[in-house]
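What follows is the content of protein_34.tsv (TSV, C-alpha atoms and all ligand atoms).
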```tsv
chain	number	residue	atom	x	y	z
D	22	MET	CA	-25.30	-28.55	86.92
D	23	ASN	CA	-25.52	-26.63	83.67
D	24	GLY	CA	-25.16	-23.04	84.53
D	25	ILE	CA	-22.97	-20.07	85.32
D	26	PHE	CA	-24.13	-17.05	87.32
D	27	VAL	CA	-22.67	-13.67	86.36
D	28	THR	CA	-22.83	-11.24	89.22
D	29	GLY	CA	-21.16	-7.87	89.70
D	30	THR	CA	-19.85	-5.60	92.37
D	31	ASP	CA	-22.46	-3.02	91.31
D	32	THR	CA	-24.75	-2.05	88.51
D	33	GLY	CA	-23.07	-0.69	85.37
D	34	VAL	CA	-19.86	-2.69	85.87
D	35	GLY	CA	-20.06	-4.68	82.62
D	36	LYS	CA	-22.10	-7.77	83.58
D	37	SER	CA	-24.18	-7.70	80.39
D	38	VAL	CA	-21.13	-7.22	78.18
D	39	ILE	CA	-19.30	-10.10	79.88
D	40	THR	CA	-22.40	-12.36	79.86
D	41	ALA	CA	-22.88	-11.70	76.14
D	42	GLY	CA	-19.20	-12.39	75.46
D	43	LEU	CA	-19.15	-15.68	77.38
D	44	THR	CA	-22.34	-16.82	75.67
D	45	SER	CA	-21.12	-15.92	72.23
D	46	LEU	CA	-17.75	-17.59	72.74
D	47	LEU	CA	-19.32	-20.82	74.03
D	48	ARG	CA	-21.78	-20.91	71.15
D	49	LYS	CA	-18.89	-20.48	68.73
D	50	ARG	CA	-17.28	-23.49	70.39
D	51	GLY	CA	-20.39	-25.58	69.70
D	52	VAL	CA	-22.14	-25.35	73.06
D	53	ASP	CA	-25.93	-24.78	72.99
D	54	CYS	CA	-25.58	-21.97	75.50
D	55	VAL	CA	-28.25	-19.35	76.22
D	56	ALA	CA	-28.08	-16.23	78.37
D	57	LEU	CA	-30.84	-15.14	80.75
D	58	LYS	CA	-31.54	-11.88	82.51
D	59	PRO	CA	-34.52	-13.22	84.42
D	60	VAL	CA	-35.28	-10.00	86.27
D	61	GLU	CA	-34.83	-6.60	84.65
D	62	THR	CA	-35.88	-3.29	86.12
D	63	GLY	CA	-35.85	0.09	84.40
D	64	CYS	CA	-37.63	-1.32	81.33
D	65	LYS	CA	-39.17	1.28	79.01
D	66	LEU	CA	-42.56	0.91	77.36
D	67	ASN	CA	-42.40	-0.18	73.73
D	68	HIS	CA	-45.66	-0.75	71.83
D	69	GLY	CA	-47.46	-1.16	75.13
D	70	GLU	CA	-44.99	-3.72	76.54
D	71	LEU	CA	-42.04	-3.38	78.89
D	72	PHE	CA	-38.90	-3.83	76.81
D	73	PRO	CA	-35.83	-5.35	78.53
D	74	GLU	CA	-32.71	-3.79	77.00
D	75	ASP	CA	-30.26	-6.13	78.73
D	76	GLY	CA	-32.50	-9.09	77.95
D	77	HIS	CA	-32.59	-8.10	74.29
D	78	PHE	CA	-28.81	-7.83	74.17
D	79	LEU	CA	-28.47	-11.32	75.71
D	80	TRP	CA	-31.13	-12.63	73.31
D	81	ARG	CA	-28.89	-11.43	70.47
D	82	ALA	CA	-25.88	-13.13	72.13
D	83	SER	CA	-27.91	-16.35	72.29
D	84	GLN	CA	-28.50	-15.95	68.54
D	85	GLU	CA	-32.21	-15.80	69.15
D	86	SER	CA	-32.30	-19.51	70.01
D	87	ILE	CA	-34.68	-18.71	72.87
D	88	SER	CA	-37.59	-16.27	73.03
D	89	LEU	CA	-37.16	-12.82	74.55
D	90	ASP	CA	-39.98	-13.70	76.97
D	91	ASP	CA	-37.87	-16.60	78.24
D	92	VAL	CA	-34.70	-14.48	78.47
D	93	THR	CA	-36.45	-11.89	80.65
D	94	PRO	CA	-39.77	-13.07	82.07
D	95	PHE	CA	-39.84	-10.65	85.04
D	96	ARG	CA	-39.83	-7.01	83.90
D	97	PHE	CA	-40.40	-3.79	85.82
D	98	SER	CA	-40.42	-0.15	84.81
D	99	LEU	CA	-38.84	1.53	87.83
D	100	PRO	CA	-35.04	1.57	87.72
D	101	ALA	CA	-34.73	0.25	91.29
D	102	SER	CA	-34.01	-3.01	93.06
D	103	PRO	CA	-36.25	-5.86	91.91
D	104	TYR	CA	-38.01	-5.92	95.28
D	105	ARG	CA	-38.81	-2.19	95.22
D	106	ALA	CA	-39.66	-2.08	91.51
D	107	ALA	CA	-42.10	-4.98	91.99
D	108	ALA	CA	-43.62	-3.43	95.12
D	109	LEU	CA	-44.29	-0.19	93.24
D	110	GLN	CA	-46.08	-2.20	90.55
D	111	ALA	CA	-48.14	-3.74	93.36
D	112	THR	CA	-46.66	-7.20	92.78
D	113	ARG	CA	-44.25	-9.49	94.57
D	114	LEU	CA	-41.35	-11.33	93.07
D	115	ARG	CA	-40.57	-14.77	94.41
D	116	ILE	CA	-37.12	-16.31	94.27
D	117	SER	CA	-38.74	-19.72	93.85
D	118	ASP	CA	-40.49	-18.56	90.64
D	119	ILE	CA	-37.23	-17.21	89.22
D	120	ILE	CA	-35.44	-20.46	90.00
D	121	GLU	CA	-38.25	-22.53	88.50
D	122	HIS	CA	-37.89	-20.55	85.28
D	123	ILE	CA	-34.10	-20.97	85.17
D	124	ARG	CA	-34.39	-24.73	85.80
D	125	ALA	CA	-36.88	-25.12	82.96
D	126	ILE	CA	-34.51	-23.39	80.51
D	127	GLU	CA	-31.56	-25.38	81.90
D	128	GLU	CA	-33.34	-28.61	80.96
D	129	THR	CA	-33.64	-27.70	77.31
D	130	HIS	CA	-30.12	-26.33	76.64
D	131	ASP	CA	-26.53	-27.41	77.27
D	132	LEU	CA	-25.77	-24.40	79.44
D	133	VAL	CA	-27.48	-21.29	80.81
D	134	ILE	CA	-25.60	-18.16	81.79
D	135	VAL	CA	-27.65	-16.03	84.17
D	136	GLU	CA	-27.01	-12.33	84.67
D	137	GLY	CA	-28.08	-10.90	88.01
D	138	ALA	CA	-29.40	-7.38	88.57
D	139	GLY	CA	-27.21	-5.01	90.56
D	140	GLY	CA	-24.90	-6.86	92.93
D	141	LEU	CA	-25.12	-9.66	95.49
D	142	PHE	CA	-27.27	-7.87	98.02
D	143	ALA	CA	-29.79	-6.32	95.66
D	144	PRO	CA	-33.14	-7.30	97.21
D	145	ILE	CA	-35.58	-9.55	95.36
D	146	GLU	CA	-38.03	-10.23	98.19
D	147	GLU	CA	-38.53	-8.11	101.29
D	148	ASN	CA	-35.78	-9.91	103.19
D	149	ARG	CA	-34.06	-11.89	100.47
D	150	THR	CA	-31.42	-10.90	97.97
D	151	PHE	CA	-29.61	-12.19	94.89
D	152	ALA	CA	-27.16	-13.90	97.24
D	153	ASP	CA	-30.05	-16.08	98.45
D	154	LEU	CA	-31.11	-16.86	94.90
D	155	MET	CA	-27.52	-17.73	93.92
D	156	LYS	CA	-27.10	-19.98	96.94
D	157	LYS	CA	-30.29	-21.88	96.06
D	158	LEU	CA	-29.34	-22.13	92.41
D	159	GLY	CA	-25.81	-23.27	93.23
D	160	PHE	CA	-24.26	-22.28	89.89
D	161	PRO	CA	-20.56	-21.40	89.87
D	162	VAL	CA	-20.03	-17.67	89.69
D	163	VAL	CA	-18.22	-15.16	87.53
D	164	LEU	CA	-17.74	-11.88	89.38
D	165	VAL	CA	-17.50	-8.74	87.26
D	166	ALA	CA	-15.93	-5.63	88.77
D	167	ARG	CA	-15.17	-2.31	87.12
D	168	LEU	CA	-11.55	-1.29	86.89
D	169	LYS	CA	-11.82	2.02	88.71
D	170	LEU	CA	-10.88	3.62	92.00
D	171	GLY	CA	-12.65	1.72	94.82
D	172	THR	CA	-12.77	-1.61	93.06
D	173	ILE	CA	-10.42	-3.47	95.42
D	174	ASN	CA	-12.85	-2.96	98.28
D	175	HIS	CA	-15.95	-3.82	96.21
D	176	THR	CA	-14.29	-6.94	94.80
D	177	MET	CA	-13.13	-8.24	98.17
D	178	LEU	CA	-16.53	-7.63	99.79
D	179	SER	CA	-18.25	-9.61	97.04
D	180	ILE	CA	-15.71	-12.44	97.23
D	181	GLU	CA	-16.15	-12.65	100.98
D	182	ALA	CA	-19.93	-12.91	100.59
D	183	LEU	CA	-19.62	-15.60	97.89
D	184	THR	CA	-17.09	-17.60	99.88
D	185	LYS	CA	-19.24	-17.46	103.00
D	186	ARG	CA	-22.03	-19.10	100.97
D	187	ASN	CA	-19.69	-21.79	99.60
D	188	LEU	CA	-20.27	-20.64	96.05
D	189	ASP	CA	-17.61	-21.67	93.58
D	190	ILE	CA	-15.93	-18.63	91.99
D	191	LEU	CA	-14.81	-19.41	88.44
D	192	GLY	CA	-13.08	-16.09	88.03
D	193	VAL	CA	-13.09	-12.36	88.58
D	194	ILE	CA	-13.21	-10.18	85.48
D	195	LEU	CA	-12.09	-6.58	85.79
D	196	SER	CA	-13.90	-4.67	83.10
D	197	LYS	CA	-12.73	-1.32	81.83
D	198	CYS	CA	-16.06	0.37	81.28
D	199	ASP	CA	-14.85	3.88	80.51
D	200	MET	CA	-11.94	5.49	78.77
D	201	GLU	CA	-10.62	7.57	81.65
D	202	GLU	CA	-7.78	5.99	83.55
D	203	GLY	CA	-6.82	6.82	87.12
D	204	PRO	CA	-3.17	6.76	88.21
D	205	GLU	CA	-3.84	3.79	90.53
D	206	GLU	CA	-5.26	1.54	87.83
D	207	GLN	CA	-1.99	0.07	86.64
D	208	TYR	CA	-1.45	-1.37	90.15
D	209	THR	CA	-5.01	-2.49	90.94
D	210	PRO	CA	-5.08	-5.86	89.09
D	211	ASN	CA	-1.88	-7.07	90.78
D	212	ASP	CA	-3.06	-5.89	94.16
D	213	ILE	CA	-6.36	-7.76	93.73
D	214	LYS	CA	-4.53	-10.84	92.47
D	215	ARG	CA	-2.40	-10.94	95.59
D	216	MET	CA	-5.48	-10.68	97.78
D	217	ILE	CA	-7.67	-13.29	96.04
D	218	GLY	CA	-5.08	-16.05	95.91
D	219	ASN	CA	-6.10	-18.93	93.64
D	220	ILE	CA	-9.16	-17.35	92.06
D	221	PRO	CA	-8.40	-16.61	88.39
D	222	LEU	CA	-8.35	-12.90	87.52
D	223	PHE	CA	-8.89	-11.49	84.03
D	224	GLN	CA	-8.91	-8.00	82.57
D	225	PHE	CA	-11.38	-7.04	79.88
D	226	PRO	CA	-10.16	-3.89	78.08
D	227	PHE	CA	-12.16	-0.82	77.14
D	228	VAL	CA	-13.59	-1.40	73.68
D	229	ASN	CA	-15.34	0.97	71.30
D	230	VAL	CA	-19.09	0.80	70.90
D	231	SER	CA	-18.94	-1.20	67.67
D	232	VAL	CA	-17.46	-4.00	69.79
D	233	SER	CA	-19.33	-3.48	73.08
D	234	ASP	CA	-22.67	-3.59	71.25
D	235	ASN	CA	-21.83	-6.69	69.22
D	236	PRO	CA	-21.95	-10.02	71.10
D	237	GLN	CA	-19.83	-11.82	68.48
D	238	GLU	CA	-17.11	-9.17	68.68
D	239	ILE	CA	-17.14	-9.31	72.48
D	240	GLY	CA	-16.89	-13.09	72.23
D	241	ALA	CA	-13.79	-12.78	70.06
D	242	MET	CA	-12.27	-10.35	72.56
D	243	MET	CA	-13.25	-12.66	75.42
D	244	GLU	CA	-11.35	-15.50	73.77
D	245	LYS	CA	-8.16	-13.40	73.94
D	246	VAL	CA	-8.86	-12.25	77.49
D	247	LEU	CA	-9.49	-15.71	78.92
D	248	GLY	CA	-6.74	-17.50	77.03
D	249	LYS	CA	-6.77	-21.14	75.99
D	250	GLU	CA	-6.96	-22.99	79.30
D	251	SER	CA	-9.62	-20.95	81.05
D	252	PHE	CA	-12.49	-22.05	83.29
D	253	LEU	CA	-14.71	-22.20	80.20
D	254	GLU	CA	-13.13	-25.47	79.06
D	255	GLN	CA	-15.10	-27.44	81.66
D	256	PHE	CA	-18.35	-26.38	79.96
D	257	ILE	CA	-17.28	-27.57	76.51
D	258	CYS	CA	-17.90	-31.27	75.85
D	301	LIG	N1	-15.16	-3.21	78.23
D	301	LIG	C1	-16.00	-2.25	77.90
D	301	LIG	N2	-15.64	-1.32	76.98
D	301	LIG	C2	-16.49	-0.31	76.65
D	301	LIG	N3	-17.72	-0.14	77.18
D	301	LIG	C3	-18.12	-1.05	78.09
D	301	LIG	C4	-17.30	-2.14	78.50
D	301	LIG	N4	-17.96	-2.86	79.43
D	301	LIG	C5	-19.15	-2.25	79.59
D	301	LIG	N5	-19.24	-1.17	78.80
D	301	LIG	C6	-20.37	-0.24	78.71
D	301	LIG	O1	-20.66	0.21	80.03
D	301	LIG	C7	-22.06	0.24	80.28
D	301	LIG	C8	-22.40	-0.71	81.42
D	301	LIG	O2	-22.10	-2.04	81.02
D	301	LIG	P1	-23.14	-3.22	81.27
D	301	LIG	O3	-22.55	-4.46	80.71
D	301	LIG	O4	-24.50	-2.83	80.79
D	301	LIG	O5	-23.13	-3.25	82.88
D	301	LIG	P2	-24.11	-4.02	83.91
D	301	LIG	O6	-24.72	-5.14	83.14
D	301	LIG	O7	-23.21	-4.45	85.01
D	301	LIG	O8	-25.11	-3.01	84.37
D	301	LIG	C9	-22.72	-0.15	78.96
D	301	LIG	O9	-23.03	1.03	78.24
D	301	LIG	C10	-21.65	-0.94	78.23
D	301	LIG	O10	-21.77	-0.92	76.83
D	302	MG	MG	-26.73	-5.58	82.77
```
Could you render the structure from this file as structure tokens?
Ligand SMILES: Nc1ncnc2c1ncn2[C@@H]1O[C@H](COP(=O)(O)OP(=O)(O)O)[C@@H](O)[C@H]1O
Ligand SMILES: [Mg+2]
Amino acid sequence: MNGIFVTGTDTGVGKSVITAGLTSLLRKRGVDCVALKPVETGCKLNHGELFPEDGHFLWRASQESISLDDVTPFRFSLPASPYRAAALQATRLRISDIIEHIRAIEETHDLVIVEGAGGLFAPIEENRTFADLMKKLGFPVVLVARLKLGTINHTMLSIEALTKRNLDILGVILSKCDMEEGPEEQYTPNDIKRMIGNIPLFQFPFVNVSVSDNPQEIGAMMEKVLGKESFLEQFIC
């Protein structure tokens, strides 16, 4: 199996930043790694085509070694769940088509890192969610959560859903997406660590926009965050 799935406790928690950082770091270590955002909603029109902002960011992280069409083949304009955004464009998304696309890319690269949309239970089909896609795909998972009030609950709910599906959790990354800091935040990582037992926990700090918009810079930061003996080593031959 040549993939990692990056999911999050929510939208806007730092999945794209973390996916870009992991991709960039692995590429620096000599792995032919590409990042995919197979489904993106909320795409704006650009020269008559839907432009995937996340996809474009991951395309940059992959050093353009894959086409933008392959990074994000399924694009929708409404900023909603994939199921609803597709329905409003009078189309239907099929999990099997998304998986077929990911498998094809997986065959031509050392490793694919796939970013989900929203969290685990964001619907893709009428009665199927990203959790179903992830279960079928079977990739080990990185869970991204924002370091903010409420994150203990969101993190534990996601871990419970992943564990129930026997998905391997490589690590949880707490991402500091905004500058403000609540009084509880200094305690949150330790409290989560106690609750998740053996699952590795990492903290990605708040970075300024010159870093958060630059995949190479995020990769360098990711190297510090993960340390030398992290879960990434198993993907480096
Ligand atoms: N560690 C961080 N430091 C600063 N800004 C961040 C950080 N992580 C995420 N952001 C910013 O927060 C917003 C949401 O992050 P993003 O990775 O797009 O989340 P998601 O992919 O989960 O929707 C983006 O504007 C991103 O640049
Ligand atoms: Mg994203």
Looking at all atoms listed in the file, which of D:Leu109, D:Val38, D:Leu168, D:Ala101 is the one that sits closest to D:Gly139? D:Ala101
Please build the interface table for stretch 57-167 of chain D against stretch 197-201 of chain D with a cut-off of 12 Å, listing for each qualifying residue the nearest atom pair and the distance in Å to one decimal; count all atoms listed in the file, order rows by chain and increasing number, and write it as JSON lines.
```
{"residue": "D:Val165", "atom": "CA", "partner": "D:Lys197", "partner_atom": "CA", "distance": 10.4}
{"residue": "D:Ala166", "atom": "CA", "partner": "D:Lys197", "partner_atom": "CA", "distance": 8.8}
{"residue": "D:Arg167", "atom": "CA", "partner": "D:Lys197", "partner_atom": "CA", "distance": 5.9}
```
Keeping only C-alpha atoms, write the selected residues to a file as an mmCIF file, in the coordinates of the input.
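The file below, part-v7.cif, is the result:
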```
data_model
loop_
_atom_site.group_PDB
_atom_site.id
_atom_site.type_symbol
_atom_site.label_atom_id
_atom_site.label_comp_id
_atom_site.auth_asym_id
_atom_site.auth_seq_id
_atom_site.Cartn_x
_atom_site.Cartn_y
_atom_site.Cartn_z
ATOM 1 C CA VAL D 165 -17.500 -8.740 87.260
ATOM 2 C CA ALA D 166 -15.930 -5.630 88.770
ATOM 3 C CA ARG D 167 -15.170 -2.310 87.120
#
```
Which one of D:His122, D:Lys156, D:Arg215, D:Lys36 sits closest to D:Ser196 if you count only C-alpha atoms?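 Counting only C-alpha atoms, the residue closest to D:Ser196 is D:Lys36.
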Within 10 Å of ligand LIG 301 (chain D), counting only C-alpha atoms and all ligand atoms, residues as a VMD selection string: chain D and resid 27 to 41 58 74 to 75 78 136 to 140 165 to 168 195 to 200 224 to 235 239 242
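With distances restricted to only C-alpha atoms, D:Gly24 is the closest residue to D:Val133 from D:Gly42, D:Pro59, D:Gly192, D:Gly24.
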What is the atom CA of D:Glu147-atom CA of D:Ala111 distance in Å, reported with one decimal?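 A separation of 13.2 Å between them.
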Fewer than 3 positions away in the same chain doesn't count, so skip those; otherwise give me all residues within 8 Å of D:Phe97, counting all atoms listed in the file, as a ChimeraX atom specification. /D:61-64,71,100,103,106-107,110
